[in-house]
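**Student:** Sharing model-v9.cif, mmCIF, C-alpha atoms:
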```cif
data_data
loop_
_atom_site.label_atom_id
_atom_site.label_comp_id
_atom_site.auth_asym_id
_atom_site.auth_seq_id
_atom_site.Cartn_x
_atom_site.Cartn_y
_atom_site.Cartn_z
CA MET Q 28 75.25 15.92 40.99
CA ILE Q 29 73.59 18.75 39.07
CA TYR Q 30 71.27 16.24 37.43
CA GLN Q 31 70.33 14.73 40.78
CA LEU Q 32 69.47 18.17 42.14
CA ILE Q 33 67.33 18.90 39.09
CA ARG Q 34 65.47 15.59 39.42
CA ARG Q 35 64.49 16.46 42.99
CA ASP Q 36 63.35 19.96 42.14
CA PRO Q 37 59.54 20.47 42.31
CA ALA Q 38 59.72 22.66 39.21
CA TRP Q 39 61.18 19.76 37.22
CA LYS Q 40 58.52 17.36 38.48
CA ALA Q 41 55.71 19.76 37.53
CA THR Q 42 57.07 20.47 34.04
CA PRO Q 43 55.24 17.62 32.20
CA TRP Q 44 51.86 18.66 33.64
CA PHE Q 45 52.30 22.30 32.66
CA ALA Q 46 53.49 21.21 29.21
CA LEU Q 47 50.27 19.24 28.72
CA VAL Q 48 48.04 22.11 29.87
CA SER Q 49 50.03 24.60 27.78
CA ALA Q 50 49.60 22.55 24.61
CA VAL Q 51 45.82 22.41 25.10
CA VAL Q 52 45.41 26.09 25.99
CA TRP Q 53 47.64 27.56 23.28
CA ALA Q 54 46.05 25.32 20.63
CA GLY Q 55 42.69 27.01 21.29
CA ALA Q 56 41.20 30.14 19.81
CA SER Q 57 42.93 33.48 20.04
CA PRO Q 58 40.83 34.70 23.04
CA MET Q 59 42.49 31.92 25.03
CA PHE Q 60 45.96 33.39 24.57
CA ASN Q 61 45.59 35.27 27.84
CA PHE Q 62 45.15 31.91 29.57
CA GLY Q 63 48.21 30.66 27.72
CA VAL Q 64 50.21 33.54 29.16
CA LEU Q 65 48.91 32.73 32.64
CA THR Q 66 49.79 29.06 32.19
CA LEU Q 67 53.45 29.86 31.48
CA VAL Q 68 53.81 32.55 34.14
CA ILE Q 69 51.98 30.51 36.78
CA GLY Q 70 54.19 27.54 36.00
CA LEU Q 71 57.21 29.70 36.71
CA ILE Q 72 55.65 31.07 39.91
CA GLY Q 73 54.85 27.52 40.99
CA GLY Q 74 58.54 26.73 40.60
CA THR Q 75 59.32 29.48 43.18
CA PRO Q 76 61.99 31.38 41.22
CA ASN Q 77 62.88 33.43 44.31
CA ARG Q 78 64.16 30.30 46.09
CA ARG Q 79 67.72 29.18 45.42
CA ALA Q 80 67.98 26.27 47.86
CA SER Q 81 66.36 24.81 50.96
CA ARG Q 82 68.03 24.66 54.35
CA PHE Q 83 68.55 20.94 53.89
CA GLN Q 84 70.33 21.48 50.57
CA ALA Q 85 72.37 24.35 52.01
CA GLY Q 86 73.68 22.00 54.71
CA LEU Q 87 75.07 19.55 52.16
CA PRO Q 88 78.69 19.74 50.92
CA ILE Q 89 77.60 21.41 47.68
CA GLU Q 90 78.76 24.83 46.58
CA ALA Q 91 76.16 27.55 46.26
CA ARG Q 92 76.95 28.08 42.56
CA ASP Q 93 76.04 24.45 41.83
CA LEU Q 94 72.76 24.80 43.71
CA LEU Q 95 72.09 28.00 41.78
CA LEU Q 96 72.87 26.30 38.46
CA ALA Q 97 70.52 23.41 39.22
CA ARG Q 98 67.72 25.83 40.10
CA ALA Q 99 68.32 27.87 36.95
CA LEU Q 100 68.10 24.78 34.73
CA SER Q 101 64.94 23.59 36.49
CA LEU Q 102 63.30 26.99 36.05
CA MET Q 103 64.24 27.09 32.39
CA ALA Q 104 62.70 23.65 31.96
CA ILE Q 105 59.36 24.71 33.48
CA VAL Q 106 59.38 27.81 31.23
CA TRP Q 107 60.63 26.54 27.87
CA VAL Q 108 59.21 23.01 27.76
CA PRO Q 109 55.58 24.26 28.16
CA ALA Q 110 56.36 27.08 25.71
CA LEU Q 111 57.60 24.59 23.11
CA SER Q 112 54.60 22.35 23.71
CA GLY Q 113 52.33 25.37 23.27
CA THR Q 114 54.03 26.20 19.99
CA ALA Q 115 53.63 22.58 18.90
CA GLY Q 116 49.93 22.75 19.78
CA ILE Q 117 49.46 25.88 17.66
CA VAL Q 118 51.33 24.33 14.73
CA ALA Q 119 49.32 21.09 14.98
CA VAL Q 120 45.97 22.90 14.96
CA LYS Q 121 46.61 26.00 12.83
CA GLY Q 122 49.82 25.28 10.96
CA PHE Q 123 52.96 27.39 10.82
CA SER Q 124 52.18 31.07 11.37
CA ALA Q 125 53.21 34.07 13.43
CA LEU Q 126 50.96 32.81 16.25
CA ALA Q 127 53.38 29.96 16.91
CA ALA Q 128 56.01 32.44 18.12
CA LYS Q 129 53.80 33.86 20.88
CA PRO Q 130 54.54 31.14 23.50
CA LEU Q 131 58.26 31.56 22.81
CA ALA Q 132 57.98 35.32 23.31
CA VAL Q 133 56.29 34.79 26.68
CA ALA Q 134 58.99 32.27 27.63
CA ALA Q 135 61.66 34.86 26.84
CA LEU Q 136 59.98 37.32 29.24
CA CYS Q 137 59.69 34.57 31.87
CA THR Q 138 63.41 33.90 31.47
CA LEU Q 139 64.15 37.48 32.44
CA MET Q 140 61.69 37.23 35.33
CA ALA Q 141 63.32 34.07 36.69
CA ALA Q 142 66.82 35.53 36.33
CA THR Q 143 65.78 38.73 38.12
CA ALA Q 144 64.30 36.73 41.01
CA GLN Q 145 67.42 34.55 41.25
CA ALA Q 146 69.86 37.46 41.12
CA ALA Q 147 68.10 39.51 43.83
CA TRP Q 148 69.05 38.91 47.49
CA LEU Q 149 71.80 36.67 46.19
CA LYS Q 150 73.39 35.82 49.53
CA GLU Q 151 70.17 34.44 51.01
CA LEU Q 152 68.40 31.16 50.38
CA ALA Q 153 65.30 32.89 49.02
CA GLY Q 154 64.04 36.35 48.28
CA PRO Q 155 60.90 37.79 49.91
CA GLN Q 156 57.45 36.76 48.74
CA TRP Q 157 56.31 40.33 48.10
CA ALA Q 158 59.07 40.78 45.53
CA LEU Q 159 58.07 37.56 43.77
CA PHE Q 160 54.44 38.60 43.42
CA SER Q 161 55.37 42.10 42.36
CA LEU Q 162 57.38 40.54 39.55
CA PHE Q 163 54.46 38.25 38.80
CA MET Q 164 51.97 41.09 38.33
CA LEU Q 165 54.47 43.10 36.28
CA PHE Q 166 55.34 40.23 33.96
CA VAL Q 167 51.72 39.15 33.47
CA PHE Q 168 51.00 42.66 32.23
CA ALA Q 169 54.15 42.74 30.07
CA ALA Q 170 53.54 39.26 28.63
CA THR Q 171 49.93 40.11 27.76
CA LEU Q 172 51.11 43.22 25.93
CA THR Q 173 53.74 41.16 24.12
CA VAL Q 174 51.11 38.70 22.92
CA GLN Q 175 48.57 41.34 21.87
CA HIS Q 176 51.03 43.93 20.49
CA PRO Q 177 54.23 42.05 19.55
CA VAL Q 178 57.51 43.91 19.10
CA PRO Q 179 60.09 41.68 17.32
CA LEU Q 180 63.18 42.79 19.26
CA VAL Q 181 61.75 42.61 22.79
CA PRO Q 182 61.68 38.80 23.33
CA PRO Q 183 65.27 38.15 22.12
CA LEU Q 184 66.59 41.02 24.23
CA CYS Q 185 64.72 39.73 27.29
CA ALA Q 186 66.08 36.22 26.76
CA LEU Q 187 69.66 37.51 26.39
CA ALA Q 188 69.27 39.72 29.47
CA GLY Q 189 67.97 36.74 31.44
CA VAL Q 190 70.89 34.54 30.40
CA GLY Q 191 73.28 37.34 31.31
CA LEU Q 192 71.72 37.76 34.75
CA PHE Q 193 71.94 34.01 35.38
CA GLY Q 194 75.61 34.06 34.42
CA TRP Q 195 76.34 37.07 36.65
CA ALA Q 196 74.51 35.48 39.59
CA ARG Q 197 76.53 32.26 39.29
CA VAL Q 198 79.78 34.22 39.33
CA ALA Q 199 78.77 36.62 42.11
CA VAL Q 200 77.13 34.11 44.49
CA PRO Q 201 79.27 33.28 47.57
CA ARG Q 202 80.46 29.75 48.20
CA SER Q 203 77.67 29.18 50.75
CA PHE Q 204 74.36 30.87 51.43
CA GLN Q 205 73.56 32.96 54.48
CA LEU Q 206 71.22 30.96 56.73
CA SER Q 207 70.48 33.61 59.36
CA SER Q 208 69.15 37.07 58.70
CA ALA Q 209 71.41 40.01 59.45
CA GLY Q 210 68.48 42.01 60.75
CA VAL Q 211 67.31 39.61 63.46
CA LYS Q 212 66.06 41.48 66.50
CA THR Q 213 67.32 40.63 69.97
CA TYR Q 214 64.72 39.79 72.59
CA GLN Q 215 64.91 39.93 76.36
CA ALA Q 216 65.11 36.78 78.42
CA ALA Q 217 61.82 35.05 79.20
CA GLY Q 218 61.90 36.07 82.87
CA ARG Q 219 62.59 39.74 82.09
CA HIS Q 220 59.83 40.17 79.50
CA THR Q 221 57.42 42.78 80.84
CA GLY Q 222 55.09 43.55 77.94
CA THR Q 223 52.74 41.71 75.62
CA GLY Q 224 52.88 42.29 71.89
CA PRO Q 225 49.68 43.09 70.01
CA LEU Q 226 49.70 39.79 68.12
CA ALA Q 227 50.54 37.72 71.20
CA ALA Q 228 47.35 38.95 72.85
CA PHE Q 229 45.29 37.64 69.91
CA ARG Q 230 44.85 33.89 70.35
CA TRP Q 231 44.23 33.12 66.66
CA ALA Q 232 47.16 35.14 65.34
CA PRO Q 233 49.36 32.03 64.73
CA VAL Q 234 46.51 30.37 62.84
CA PHE Q 235 45.96 33.42 60.65
CA ARG Q 236 49.68 33.72 59.95
CA SER Q 237 49.76 30.06 58.86
CA VAL Q 238 46.73 30.38 56.57
CA TYR Q 239 46.61 33.92 55.21
CA SER Q 240 49.92 34.20 53.43
CA LEU Q 241 50.57 36.65 50.61
CA LYS Q 242 50.08 33.87 48.05
CA TYR Q 243 46.72 32.95 49.52
CA LEU Q 244 45.49 36.55 49.40
CA CYS Q 245 46.65 36.92 45.78
CA PHE Q 246 44.86 33.71 44.82
CA LEU Q 247 41.65 35.08 46.37
CA THR Q 248 41.93 38.05 44.01
CA PHE Q 249 42.43 35.79 41.00
CA VAL Q 250 39.42 33.65 42.00
CA SER Q 251 37.18 36.70 42.24
CA PHE Q 252 38.43 37.98 38.89
CA GLN Q 253 37.74 34.66 37.14
CA VAL Q 254 34.21 34.48 38.52
CA ALA Q 255 33.52 38.15 37.74
CA THR Q 256 34.58 37.66 34.11
CA GLY Q 257 32.28 34.65 33.69
CA THR Q 258 35.00 31.98 33.47
CA TRP Q 259 34.39 30.41 36.88
CA LEU Q 260 35.24 26.93 35.58
CA PHE Q 261 38.89 27.99 35.62
CA THR Q 262 38.84 28.62 39.38
CA THR Q 263 39.65 24.91 39.72
CA PHE Q 264 43.30 25.73 39.10
CA TRP Q 265 43.38 28.62 41.59
CA LEU Q 266 41.63 26.54 44.24
CA LEU Q 267 44.18 23.79 43.76
CA VAL Q 268 47.23 26.03 44.08
CA ALA Q 269 45.64 27.96 46.98
CA TRP Q 270 44.46 24.97 49.00
CA LEU Q 271 47.24 22.40 48.72
CA PRO Q 272 49.97 24.57 50.35
CA LEU Q 273 47.66 25.18 53.33
CA ARG Q 274 47.76 21.58 54.53
CA PRO Q 275 51.52 21.43 55.30
CA ARG Q 276 51.45 25.02 56.63
CA THR Q 277 48.65 24.24 59.11
CA ARG Q 278 49.65 20.67 60.00
CA TRP Q 279 51.27 21.76 63.23
CA LEU Q 280 47.89 23.04 64.48
CA TRP Q 281 46.51 19.50 64.67
CA ALA Q 282 48.57 18.90 67.83
CA LEU Q 283 46.90 21.89 69.51
CA PRO Q 284 43.35 22.25 70.94
CA VAL Q 285 42.11 24.04 67.81
CA GLY Q 286 38.58 23.28 66.64
CA ARG Q 287 38.59 21.36 63.36
CA ARG Q 288 35.47 23.09 62.11
CA THR Q 289 36.87 26.50 62.96
CA LEU Q 290 40.12 25.71 61.19
CA LEU Q 291 38.21 24.45 58.15
CA TRP Q 292 36.18 27.64 57.89
CA THR Q 293 39.34 29.70 58.35
CA MET Q 294 40.75 28.02 55.25
CA MET Q 295 37.57 27.58 53.22
CA GLY Q 296 35.51 30.65 54.14
CA PRO Q 297 37.54 33.30 52.26
CA LEU Q 298 37.62 31.13 49.12
CA LEU Q 299 33.83 30.74 49.10
CA ALA Q 300 33.42 34.45 49.84
CA ALA Q 301 35.70 35.29 46.89
CA HIS Q 302 33.44 33.22 44.60
CA ALA Q 303 30.30 34.92 45.90
CA LEU Q 304 31.76 38.43 45.64
CA GLY Q 305 33.05 37.71 42.15
CA TYR Q 306 29.60 36.54 41.06
CA LEU Q 307 27.97 39.67 42.47
CA ALA Q 308 30.63 41.82 40.83
CA SER Q 309 29.77 40.27 37.46
CA PHE Q 310 26.37 42.00 37.58
CA LEU Q 311 28.10 45.37 38.03
CA THR Q 312 30.66 44.83 35.27
CA HIS Q 313 28.51 43.05 32.67
CA ARG Q 314 25.03 44.39 33.53
CA HIS Q 315 23.28 41.18 32.59
CA ALA Q 316 20.00 41.22 30.67
CA PRO Q 317 16.79 40.25 32.52
CA PRO Q 318 17.03 36.47 31.82
CA ALA Q 319 20.37 36.38 33.63
CA SER Q 320 19.29 38.69 36.47
CA GLU Q 321 16.07 36.91 37.44
CA PRO Q 322 16.05 35.68 41.07
CA ARG Q 323 15.82 32.03 39.99
CA VAL Q 324 18.81 32.40 37.70
CA VAL Q 325 20.82 34.24 40.35
CA VAL Q 326 20.13 31.52 42.94
CA ALA Q 327 20.98 28.71 40.50
CA GLY Q 328 24.13 30.46 39.27
CA LEU Q 329 25.51 31.23 42.73
CA ALA Q 330 24.69 27.75 44.03
CA THR Q 331 26.37 26.10 41.03
CA ILE Q 332 29.52 28.19 41.41
CA LEU Q 333 29.77 27.48 45.15
CA ALA Q 334 29.05 23.77 44.59
CA TRP Q 335 31.79 23.64 41.95
CA ALA Q 336 34.25 25.24 44.39
CA MET Q 337 33.27 22.96 47.28
CA LEU Q 338 33.52 19.86 45.10
CA THR Q 339 37.06 20.90 44.15
CA MET Q 340 37.92 21.40 47.83
CA LEU Q 341 36.51 17.96 48.60
CA PHE Q 342 38.93 16.40 46.12
CA CYS Q 343 41.75 18.41 47.71
CA VAL Q 344 41.07 17.10 51.23
CA LEU Q 345 40.48 13.54 49.96
CA ALA Q 346 44.18 13.34 49.11
CA ASP Q 347 44.95 13.33 52.87
CA TRP Q 348 41.97 11.27 54.07
CA ARG Q 349 42.75 8.34 56.32
CA GLY Q 350 40.25 6.22 54.40
CA PHE Q 351 42.93 5.92 51.71
CA ALA Q 352 45.68 5.07 54.20
CA ARG Q 353 46.17 1.59 52.71
CA VAL Q 354 46.64 2.96 49.19
CA PRO Q 355 50.34 3.55 48.35
CA ARG Q 356 51.16 7.23 48.41
CA ARG Q 357 52.65 7.19 44.89
CA ILE Q 358 49.50 5.65 43.40
CA LEU Q 359 47.27 8.05 45.32
CA SER Q 360 49.25 11.10 44.21
CA ALA Q 361 49.23 9.95 40.57
CA ALA Q 362 45.48 9.31 40.69
CA PHE Q 363 44.60 12.72 42.13
CA SER Q 364 47.04 14.53 39.84
CA SER Q 365 45.48 12.85 36.82
CA LEU Q 366 42.01 13.71 38.10
CA PHE Q 367 42.83 17.40 38.40
CA VAL Q 368 44.50 17.50 34.99
CA ILE Q 369 41.46 15.85 33.39
CA TRP Q 370 39.10 18.15 35.27
CA TYR Q 371 40.96 21.30 34.33
CA GLY Q 372 41.47 20.11 30.75
CA ALA Q 373 37.73 19.47 30.44
CA SER Q 374 37.06 23.00 31.67
CA VAL Q 375 39.41 24.45 29.07
CA ALA Q 376 37.87 22.29 26.34
CA ALA Q 377 34.37 23.37 27.35
CA LEU Q 378 35.31 27.01 26.89
CA LEU Q 379 37.19 26.35 23.66
CA PHE Q 380 34.67 24.28 21.77
CA THR Q 381 31.30 25.71 22.83
CA ARG Q 382 29.32 28.05 20.68
CA TYR Q 383 28.73 30.68 23.35
CA SER Q 384 32.41 31.35 24.05
CA ALA Q 385 33.04 33.00 27.45
CA ALA Q 386 29.28 33.59 28.08
CA TRP Q 387 28.14 30.01 27.57
CA GLU Q 388 28.26 29.17 31.30
CA GLN Q 389 25.83 31.97 32.15
CA HIS Q 390 23.59 30.98 29.25
CA ALA Q 391 23.52 27.33 30.33
CA LEU Q 392 22.72 28.25 33.95
CA SER Q 393 19.95 30.58 32.81
CA GLN Q 394 18.35 27.85 30.70
CA LEU Q 395 18.68 25.30 33.50
CA ALA Q 396 17.17 27.58 36.15
CA ARG Q 397 14.25 28.64 34.01
CA ALA Q 398 13.50 25.06 32.96
CA ALA Q 399 13.60 23.65 36.52
CA PRO Q 400 10.03 22.74 37.68
CA LEU Q 401 10.53 24.37 41.09
CA SER Q 402 9.30 27.53 42.70
CA LEU Q 403 11.82 30.05 44.00
CA PRO Q 404 11.61 28.87 47.67
CA ALA Q 405 11.90 25.24 46.57
CA LEU Q 406 14.89 26.09 44.37
CA ILE Q 407 16.58 27.86 47.29
CA ALA Q 408 15.91 24.86 49.55
CA ALA Q 409 17.30 22.42 46.97
CA ALA Q 410 20.42 24.52 46.45
CA ALA Q 411 20.95 24.81 50.21
CA ALA Q 412 20.55 21.04 50.64
CA VAL Q 413 23.22 20.34 48.00
CA LEU Q 414 25.67 22.86 49.51
CA ILE Q 415 25.09 21.52 53.04
CA ALA Q 416 25.68 17.95 51.86
CA LEU Q 417 28.94 18.99 50.21
CA TYR Q 418 30.04 20.87 53.31
CA LEU Q 419 29.32 17.88 55.59
CA ALA Q 420 31.39 15.67 53.30
CA ILE Q 421 34.27 18.16 53.35
CA GLU Q 422 34.10 18.49 57.13
CA LYS Q 423 34.11 14.72 57.68
CA VAL Q 424 37.07 14.11 55.38
CA PHE Q 425 38.94 17.17 56.69
CA SER Q 426 38.54 15.98 60.30
CA GLU Q 427 39.99 12.54 59.51
CA PRO Q 428 43.42 13.23 57.99
CA ASP Q 429 46.28 10.83 57.50
CA PHE Q 430 49.70 12.49 57.75
CA ALA Q 431 51.70 9.27 57.69
CA ASP Q 432 54.76 9.24 55.42
CA LYS Q 433 54.86 13.08 55.51
CA PRO Q 434 56.97 15.13 55.37
CA ARG Q 435 59.76 13.39 53.50
CA VAL Q 436 63.37 14.42 53.71
CA SER Q 437 63.51 14.55 49.92
CA GLN Q 438 61.09 17.48 49.91
CA PRO Q 439 62.99 20.74 49.34
CA ASP Q 440 61.34 22.59 52.23
CA ALA Q 441 61.24 19.76 54.75
CA PHE Q 442 63.76 21.58 56.98
CA ALA Q 443 62.86 25.15 55.96
#
```
Once more with this new file: its structure as structure tokens, please.
**Tutor:**
Amino acid sequence: MIYQLIRRDPAWKATPWFALVSAVVWAGASPMFNFGVLTLVIGLIGGTPNRRASRFQAGLPIEARDLLLARALSLMAIVWVPALSGTAGIVAVKGFSALAAKPLAVAALCTLMAATAQAAWLKELAGPQWALFSLFMLFVFAATLTVQHPVPLVPPLCALAGVGLFGWARVAVPRSFQLSSAGVKTYQAAGRHTGTGPLAAFRWAPVFRSVYSLKYLCFLTFVSFQVATGTWLFTTFWLLVAWLPLRPRTRWLWALPVGRRTLLWTMMGPLLAAHALGYLASFLTHRHAPPASEPRVVVAGLATILAWAMLTMLFCVLADWRGFARVPRRILSAAFSSLFVIWYGASVAALLFTRYSAAWEQHALSQLARAAPLSLPALIAAAAAVLIALYLAIEKVFSEPDFADKPRVSQPDAFA
């Protein structure tokens, strides 16, 4: 039974993909170690360590301690398997050295993070999102320090503390989880309601609550940071993890008279704005030399970054397009998953094996913009035409979804 629960856990299903990415990233040069840390921590966050079970699982005749054990083993798999693959990548490229222990040190910190998230709010099915992201920011900082300034005793102590917390949580958890909140407010009957709440008066409040979750807002920050630091190719990952959860969260809006274009801009607009603001912030943080701050280079750079983001969004919405309705869902999911892994792996490889390191993207865009045989107005018109064409493609595919065969009962949050 424990094995069956693990097999159905999304963290277990995502483990091979994170192991592959981790091996590539950790095998790179030492400046990429920060991305290796993010790969391990993001894999854990993607496994939702604050969730112990879904409502569907809680309704089955399974004790809470068994559900907790299955979740703990799944979380340890998504932490330690990518860490071991990262160590193997370092050994394969650079041989045995002290660098090979860095992924294992990060995994030890992630073990403590997962155990802390599982042990908090133990009677409930899941802890709050704000606590999860607070732990995320804290452990990213702590893991980065561990990689850059290693202390030999810290990782083993963190791993032992994490194992101890997991053991305590399994002993202390009640036989069943609490499905209703103890702090639920009581409301008056519908006929006796006399006032209107501030959010009820705002027609788009349900849409905003479905789209602008805490995760989405955090991902916007990460996107802006990646673009501002000159590594905008890596926003592919953040766009993927920010966009895909929006489709099931907003699916109920398709039965309402909500404009498709308005809904698309509600989801896509902040992501594009984060790219644009991050690019503008790069001029304040890096103070680019004149070749990189010429108007032609600025137009070409911003257009390329926005086109890269919109092309990624197009691939995201293609996964639900009704034009692929005859393709089996398993084949379609495998094809798009492989496409994103190849795309992201190519981005990592481009940063690893290019001569210009983290500044090569800006250098390439500068050379391309200055070599283009177009005047500034013509360059602006060409960039606008490309972006408009991409937007029209996104809008058409977004407006023609296929939600057949979704959601499935086997999904952990189908009844959440």
**Student:** Restricting the calculation to all atoms listed in the file, which member of Q:Met337, Q:Ala110, Q:Ala153, Q:Ala186 is positioned closest to Ala85 of chain Q?
**Tutor:**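 Ranking Q:Met337, Q:Ala110, Q:Ala153, Q:Ala186 by distance to Ala85 of chain Q, first place goes to Q:Ala153.
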**Student:** Hey, what's within 6 Å of Asp429 of chain Q if we count only C-alpha atoms and toss same-chain stuff fewer than 5 positions away? As a PyMOL selection string, please?
**Tutor:** chain Q and resi 347-349
**Student:** Trp195 of chain Q: which residues within 12 Å, counting all atoms listed in the file, same-chain residues fewer than 2 positions away excluded, as a PyMOL selection string?
**Tutor:** chain Q and resi 92+95-96+142-143+145-147+149+188-193+197-201
**Student:** Between Q:Leu419, Q:Leu165, Q:Leu290, Q:Ala50, which has the minimum distance to Arg278 of chain Q (counting only C-alpha atoms)?
**Tutor:**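 Among Q:Leu419, Q:Leu165, Q:Leu290, Q:Ala50, it is Q:Leu290 that comes nearest to Arg278 of chain Q.
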**Student:** Quote the spacing between atom CA of Leu159 of chain Q and atom CA of Asn77 of chain Q in Å to one decimal place.
**Tutor:**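 Separation of atom CA of Leu159 of chain Q and atom CA of Asn77 of chain Q: 6.4 Å.
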**Student:** Quick one: of Q:Arg202, Q:Arg323, Q:Arg98, Q:Arg274, who's nearest to Cys343 of chain Q, counting all atoms listed in the file?
**Tutor:**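 Nearest to Cys343 of chain Q: Q:Arg274.
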**Student:** May I have the protein, DNA and RNA residues with any atom at most 9 Å from the point (52.8, 24.4, 22.2), counting only C-alpha atoms, written as a list in words?
**Tutor:**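 Every residue inside that radius is included here: Ala46, Leu47, Ser49, Ala50, Val51, Val52, Trp53, Ala54, Val108, Pro109, Ala110, Leu111, Ser112, Gly113, Thr114, Ala115, Gly116, Ile117, Val118, Ala119, Ala127 and Pro130 of chain Q.
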**Student:** Counting all atoms listed in the file, which residue out of Q:Ala361, Q:Leu414, Q:Leu304, Q:Leu291 sits closest to Trp335 of chain Q?
**Tutor:** Q:Leu414
**Student:** List, as a list in words, every residue that the PyMOL selection byres ((chain Q and resi 425) around 8) selects in the file provided.
**Tutor:**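 Taken on the displayed file, the PyMOL selection byres ((chain Q and resi 425) around 8) yields the residues Arg287, Leu291, Val344, Leu345, Trp348, Ile421, Glu422, Lys423, Val424, Ser426, Glu427 and Pro428 of chain Q.
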**Student:** Here is a test: counting all atoms listed in the file, which residue of Q:Thr138, Q:Gln31, Q:Thr263, Q:Thr258 is nearest to Ile369 of chain Q?
**Tutor:**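 The closest residue to Ile369 of chain Q is Q:Thr263.
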**Student:** Find the residue from Q:Phe168, Q:Ala336, Q:Ala412, Q:Phe204 that sits nearest to Leu260 of chain Q; use only C-alpha atoms when measuring.
**Tutor:**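 Ranking Q:Phe168, Q:Ala336, Q:Ala412, Q:Phe204 by distance to Leu260 of chain Q, first place goes to Q:Ala336.
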**Student:** I'd like the interatomic distance between atom CA of Pro272 of chain Q and atom CA of Ala416 of chain Q, to a tenth of an Å.
**Tutor:**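 Taking atom CA of Pro272 of chain Q as the start and atom CA of Ala416 of chain Q as the end point, the length is 25.2 Å.
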**Student:** Spell out the residues picked by the PyMOL selection byres ((chain Q and resi 362-366) around 9) here, as a compact mmCIF listing (two decimals) with C-alpha atoms, in the coordinates of the input.
**Tutor:**
```
# COMPACT_ATOMS: atom_id res chain seq x y z
CA TRP Q 44 51.86 18.66 33.64
CA PHE Q 342 38.93 16.40 46.12
CA CYS Q 343 41.75 18.41 47.71
CA LEU Q 345 40.48 13.54 49.96
CA ALA Q 346 44.18 13.34 49.11
CA ARG Q 357 52.65 7.19 44.89
CA ILE Q 358 49.50 5.65 43.40
CA LEU Q 359 47.27 8.05 45.32
CA SER Q 360 49.25 11.10 44.21
CA ALA Q 361 49.23 9.95 40.57
CA PHE Q 367 42.83 17.40 38.40
CA VAL Q 368 44.50 17.50 34.99
CA ILE Q 369 41.46 15.85 33.39
CA TRP Q 370 39.10 18.15 35.27
CA TYR Q 371 40.96 21.30 34.33
```
**Student:** Which residues come within 12 Å of Leu172 of chain Q, counting only C-alpha atoms, excluding same-chain residues fewer than 6 positions away, as a ChimeraX atom specification?
**Tutor:** /Q:60-61,64,129,132-133,136,165-166,178,181-182
**Student:** Include C-alpha atoms and write out the residues we just selected as a compact mmCIF listing (two decimals), in the frame of the given file.
**Tutor:**
```
# COMPACT_ATOMS: atom_id res chain seq x y z
CA PHE Q 60 45.96 33.39 24.57
CA ASN Q 61 45.59 35.27 27.84
CA VAL Q 64 50.21 33.54 29.16
CA LYS Q 129 53.80 33.86 20.88
CA ALA Q 132 57.98 35.32 23.31
CA VAL Q 133 56.29 34.79 26.68
CA LEU Q 136 59.98 37.32 29.24
CA LEU Q 165 54.47 43.10 36.28
CA PHE Q 166 55.34 40.23 33.96
CA VAL Q 178 57.51 43.91 19.10
CA VAL Q 181 61.75 42.61 22.79
CA PRO Q 182 61.68 38.80 23.33
```
**Student:** Starting from the shown file, work through the PyMOL selection byres ((chain Q and resi 80) around 12) and note down what comes out as a ChimeraX atom specification.
**Tutor:** /Q:32-33,35-37,74-79,81-87,89-99,145,149-154,203-206,438-443
**Student:** Output segment 334-343 of chain Q as a PDB file, in the coordinates of the input, making sure N, CA and C atoms are there.
**Tutor:**
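out_39.pdb was written with the following content:
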```pdb
ATOM      1  N   ALA Q 334      28.958  25.237  44.593  1.00  0.00           N
ATOM      2  CA  ALA Q 334      29.050  23.770  44.590  1.00  0.00           C
ATOM      3  C   ALA Q 334      30.290  23.305  43.823  1.00  0.00           C
ATOM      4  N   TRP Q 335      30.590  23.975  42.720  1.00  0.00           N
ATOM      5  CA  TRP Q 335      31.790  23.640  41.950  1.00  0.00           C
ATOM      6  C   TRP Q 335      33.056  23.850  42.793  1.00  0.00           C
ATOM      7  N   ALA Q 336      33.095  24.969  43.533  1.00  0.00           N
ATOM      8  CA  ALA Q 336      34.250  25.240  44.390  1.00  0.00           C
ATOM      9  C   ALA Q 336      34.358  24.231  45.522  1.00  0.00           C
ATOM     10  N   MET Q 337      33.240  23.898  46.152  1.00  0.00           N
ATOM     11  CA  MET Q 337      33.270  22.960  47.280  1.00  0.00           C
ATOM     12  C   MET Q 337      33.605  21.553  46.811  1.00  0.00           C
ATOM     13  N   LEU Q 338      33.165  21.172  45.616  1.00  0.00           N
ATOM     14  CA  LEU Q 338      33.520  19.860  45.100  1.00  0.00           C
ATOM     15  C   LEU Q 338      35.028  19.771  44.829  1.00  0.00           C
ATOM     16  N   THR Q 339      35.607  20.864  44.342  1.00  0.00           N
ATOM     17  CA  THR Q 339      37.060  20.900  44.150  1.00  0.00           C
ATOM     18  C   THR Q 339      37.788  20.788  45.483  1.00  0.00           C
ATOM     19  N   MET Q 340      37.303  21.499  46.503  1.00  0.00           N
ATOM     20  CA  MET Q 340      37.920  21.400  47.830  1.00  0.00           C
ATOM     21  C   MET Q 340      37.800  19.995  48.400  1.00  0.00           C
ATOM     22  N   LEU Q 341      36.682  19.330  48.117  1.00  0.00           N
ATOM     23  CA  LEU Q 341      36.510  17.960  48.600  1.00  0.00           C
ATOM     24  C   LEU Q 341      37.577  17.045  48.004  1.00  0.00           C
ATOM     25  N   PHE Q 342      37.866  17.199  46.726  1.00  0.00           N
ATOM     26  CA  PHE Q 342      38.930  16.400  46.120  1.00  0.00           C
ATOM     27  C   PHE Q 342      40.290  16.745  46.720  1.00  0.00           C
ATOM     28  N   CYS Q 343      40.475  18.020  47.091  1.00  0.00           N
ATOM     29  CA  CYS Q 343      41.750  18.410  47.710  1.00  0.00           C
ATOM     30  C   CYS Q 343      41.951  17.722  49.060  1.00  0.00           C
TER      31      CYS Q 343
END
```
